[in-house]
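Below is one structure, written out as structure tokens; comments come after it.
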Amino acid sequence: MTLTEQQAAFDCRRDFAEELLTLAERDARIVAVCNDSVGSSNLAGFRERYPDRLINVGIAEQDLVGVAAGLANAGKIPFVCAAAPFLTGRALEQIKADVAYSEAHVVLCGHSPGMAYGELGPTHHSIEDLSWMRAVANLDVIVPADPVQTRAAVRWAAASGRPSYLRIPRFKVPVVTPDDAPFEPGRAVLLQDGGDATVIAIGSLTSRALQAAARLREDGVSVRVLNMPFLDPLDEDAVVAAARETGGIVTAEEATTSGGLGAAVAAAVVTRHPVPMRILGVPRVFAPTGDTAFLLDHFGLSADGIVAAVRDLTRHG
């Protein structure tokens, strides 16, 4: 990646839409299914190119997922595009029964997750989706950190033959993924090595973890930074190695701390190699109304917050 790419920030929905269109040009089985969200899912180009392959069910998320499951059973590869809070909250039963239990090759694309709809308040925050999706068996949960991983996630999901949930960021993020980084189920990406502590981050928090590690390095604290593009299946071996080799772990996610990345990492740590941990995210509260940057800072989901967590961990670990 270039210095310009590192400094610039990108809306990953654009990369999602471009990659989906590229795949659709090669594979006539790929269709897009949305809930009156052509604009917010960046599907205008898809609709223009393939109007007969975009199905808009309107604001009816349960039908949205059910229709997609039927298309998958008919041999199509449906990409279900909707705002993450409504896709996961309103259609959870259909996701469980029609997609995961039925082993339908449906790609569920939760757009604008986390606190991306900040000014619209708690009804539009999607901080529970990772907990809900992790609880459903036979469903891969993928949280891209940047445009590179977003495109890789679209390609992987289209070819996987499996049910999957992709969390597509709206909050602009820089490119952080190395050119040679793997994109495989159950495989973490090592972004920086270190021996004093480990920060494991996903999605929008990945670039902030790297910023925190750079600041800590200036103070003589060596931090390993791991990115987990696949929340499920989790790279437990990388987690346990980090626990064994660095002695403490901080997790960072734009989601509730009940059941997401922190919970998954903690379960692996406590059963295989217990070490001190700090879990950063939204505590079990409804996040207030405010723009995304404000909300992230409000909950300590910033470089400052990660630095403070690592310092507390190393001081008391």
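Letters for chains follow the order of the structure tokens (A, B, ...), residue numbers begin at 1 for each chain, and ligand numbers begin at 1 in the order shown.
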Leaving out region 66-72 of chain A and any residue of its chain fewer than 4 positions from it, which residues lie within 6 Å of it when counting only C-alpha atoms, given as a VMD selection string?
-> chain A and resid 76 to 78 99 104 to 105
Got a sec to tell me which of region 74-128 of chain A DSSP assigns to strand (DSSP E or B), as a list in words?
->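 The strand (DSSP E or B) subset of region 74-128 of chain A is Ile77, Pro78, Phe79, Val80, Cys81, Ala82, Ala83, Val107, Leu108, Cys109, Gly110, His111, Gly114 and Ser126 of chain A.
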Output the selection as a PDB file, in the first residue's frame - C-alpha atoms for each residue.
```
ATOM      1  CA  ILE A  77     -26.139 -16.375  -5.602  1.00  0.00           C
ATOM      2  CA  PRO A  78     -28.064 -13.607  -3.843  1.00  0.00           C
ATOM      3  CA  PHE A  79     -26.329 -10.686  -2.145  1.00  0.00           C
ATOM      4  CA  VAL A  80     -28.813  -9.297   0.375  1.00  0.00           C
ATOM      5  CA  CYS A  81     -28.145  -5.584   0.857  1.00  0.00           C
ATOM      6  CA  ALA A  82     -29.716  -3.650   3.713  1.00  0.00           C
ATOM      7  CA  ALA A  83     -28.871  -1.441   6.661  1.00  0.00           C
ATOM      8  CA  VAL A 107     -24.587 -13.490   1.315  1.00  0.00           C
ATOM      9  CA  LEU A 108     -26.081 -11.174   3.928  1.00  0.00           C
ATOM     10  CA  CYS A 109     -24.560  -7.692   3.588  1.00  0.00           C
ATOM     11  CA  GLY A 110     -25.141  -5.447   6.580  1.00  0.00           C
ATOM     12  CA  HIS A 111     -24.407  -1.908   5.441  1.00  0.00           C
ATOM     13  CA  GLY A 114     -21.947  -0.030  14.286  1.00  0.00           C
ATOM     14  CA  SER A 126     -26.201  -1.643  14.849  1.00  0.00           C
TER      15      SER A 126
END
```
I'd like the neighbourhood of Arg162 (chain A) as an mmCIF file with all heavy atoms, in the first residue's frame, where a residue qualifies if any of its atoms comes within 9 Å (using only C-alpha atoms), though same-chain residues fewer than 4 positions away should be ignored.
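part20.cif was written with the following content:
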```cif
data_model
loop_
_atom_site.group_PDB
_atom_site.id
_atom_site.type_symbol
_atom_site.label_atom_id
_atom_site.label_comp_id
_atom_site.auth_asym_id
_atom_site.auth_seq_id
_atom_site.Cartn_x
_atom_site.Cartn_y
_atom_site.Cartn_z
ATOM 1 N N ALA A 100 -29.174 -20.095 7.409
ATOM 2 C CA ALA A 100 -28.132 -20.881 8.070
ATOM 3 C C ALA A 100 -28.531 -22.352 8.241
ATOM 4 O O ALA A 100 -27.789 -23.261 7.844
ATOM 5 C CB ALA A 100 -27.799 -20.264 9.424
ATOM 6 N N GLU A 103 -28.694 -24.111 5.018
ATOM 7 C CA GLU A 103 -27.416 -24.118 4.301
ATOM 8 C C GLU A 103 -27.546 -23.479 2.921
ATOM 9 O O GLU A 103 -26.982 -23.953 1.935
ATOM 10 C CB GLU A 103 -26.857 -25.537 4.191
ATOM 11 C CG GLU A 103 -26.587 -26.178 5.546
ATOM 12 C CD GLU A 103 -25.951 -27.558 5.422
ATOM 13 O OE1 GLU A 103 -25.857 -28.086 4.299
ATOM 14 O OE2 GLU A 103 -25.539 -28.089 6.468
ATOM 15 N N ALA A 104 -28.289 -22.385 2.862
ATOM 16 C CA ALA A 104 -28.478 -21.675 1.597
ATOM 17 C C ALA A 104 -27.298 -20.748 1.349
ATOM 18 O O ALA A 104 -26.824 -20.066 2.259
ATOM 19 C CB ALA A 104 -29.772 -20.871 1.631
ATOM 20 N N HIS A 105 -26.839 -20.736 0.108
ATOM 21 C CA HIS A 105 -25.712 -19.862 -0.249
ATOM 22 C C HIS A 105 -26.229 -18.436 -0.441
ATOM 23 O O HIS A 105 -26.409 -17.953 -1.551
ATOM 24 C CB HIS A 105 -25.021 -20.377 -1.515
ATOM 25 C CG HIS A 105 -23.802 -19.594 -1.875
ATOM 26 N ND1 HIS A 105 -23.173 -19.706 -3.098
ATOM 27 C CD2 HIS A 105 -23.074 -18.672 -1.178
ATOM 28 C CE1 HIS A 105 -22.118 -18.912 -3.133
ATOM 29 N NE2 HIS A 105 -22.053 -18.264 -1.985
ATOM 30 N N VAL A 106 -26.479 -17.778 0.683
ATOM 31 C CA VAL A 106 -26.954 -16.396 0.718
ATOM 32 C C VAL A 106 -25.878 -15.550 1.374
ATOM 33 O O VAL A 106 -25.341 -15.915 2.429
ATOM 34 C CB VAL A 106 -28.281 -16.271 1.495
ATOM 35 C CG1 VAL A 106 -28.676 -14.807 1.666
ATOM 36 C CG2 VAL A 106 -29.385 -17.053 0.805
ATOM 37 N N VAL A 107 -25.566 -14.414 0.756
ATOM 38 C CA VAL A 107 -24.587 -13.490 1.315
ATOM 39 C C VAL A 107 -25.346 -12.311 1.904
ATOM 40 O O VAL A 107 -25.921 -11.501 1.169
ATOM 41 C CB VAL A 107 -23.582 -13.012 0.253
ATOM 42 C CG1 VAL A 107 -22.515 -12.140 0.899
ATOM 43 C CG2 VAL A 107 -22.949 -14.204 -0.465
ATOM 44 N N ASN A 138 -23.540 -22.240 11.719
ATOM 45 C CA ASN A 138 -23.358 -22.410 10.272
ATOM 46 C C ASN A 138 -23.441 -21.088 9.502
ATOM 47 O O ASN A 138 -23.888 -21.052 8.363
ATOM 48 C CB ASN A 138 -24.397 -23.390 9.699
ATOM 49 C CG ASN A 138 -24.018 -23.887 8.312
ATOM 50 O OD1 ASN A 138 -22.854 -24.207 8.052
ATOM 51 N ND2 ASN A 138 -24.979 -23.956 7.408
ATOM 52 N N LEU A 139 -22.995 -20.009 10.129
ATOM 53 C CA LEU A 139 -23.010 -18.701 9.484
ATOM 54 C C LEU A 139 -21.655 -18.038 9.693
ATOM 55 O O LEU A 139 -21.275 -17.739 10.827
ATOM 56 C CB LEU A 139 -24.120 -17.822 10.063
ATOM 57 C CG LEU A 139 -24.305 -16.448 9.428
ATOM 58 C CD1 LEU A 139 -24.862 -16.579 8.009
ATOM 59 C CD2 LEU A 139 -25.237 -15.587 10.282
ATOM 60 N N ASP A 140 -20.920 -17.826 8.603
ATOM 61 C CA ASP A 140 -19.640 -17.139 8.698
ATOM 62 C C ASP A 140 -19.883 -15.647 8.911
ATOM 63 O O ASP A 140 -20.746 -15.055 8.264
ATOM 64 C CB ASP A 140 -18.814 -17.356 7.421
ATOM 65 C CG ASP A 140 -18.482 -18.817 7.201
ATOM 66 O OD1 ASP A 140 -18.149 -19.502 8.179
ATOM 67 O OD2 ASP A 140 -18.573 -19.278 6.044
ATOM 68 N N ALA A 157 -17.090 -14.627 -0.405
ATOM 69 C CA ALA A 157 -18.474 -15.027 -0.118
ATOM 70 C C ALA A 157 -19.173 -15.557 -1.365
ATOM 71 O O ALA A 157 -19.949 -16.515 -1.291
ATOM 72 C CB ALA A 157 -19.236 -13.847 0.469
ATOM 73 N N ALA A 158 -18.898 -14.952 -2.514
ATOM 74 C CA ALA A 158 -19.533 -15.409 -3.754
ATOM 75 C C ALA A 158 -19.100 -16.820 -4.114
ATOM 76 O O ALA A 158 -19.880 -17.600 -4.671
ATOM 77 C CB ALA A 158 -19.200 -14.449 -4.887
#
```
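The residue set within 7 Å of Ala91 (chain A), counting only C-alpha atoms and dropping same-chain residues fewer than 3 places from it, reads Glu61, Gln62, Val65, Leu87, Thr88, Gln94 and Ile95 of chain A.
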Given the choices A:Ala44, A:Val141, A:Ala309, A:Ala287, which gets closest to Leu120 (chain A) if the distance is worked out from only C-alpha atoms?
->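 Under the stated criterion, the closest residue is A:Ala287.
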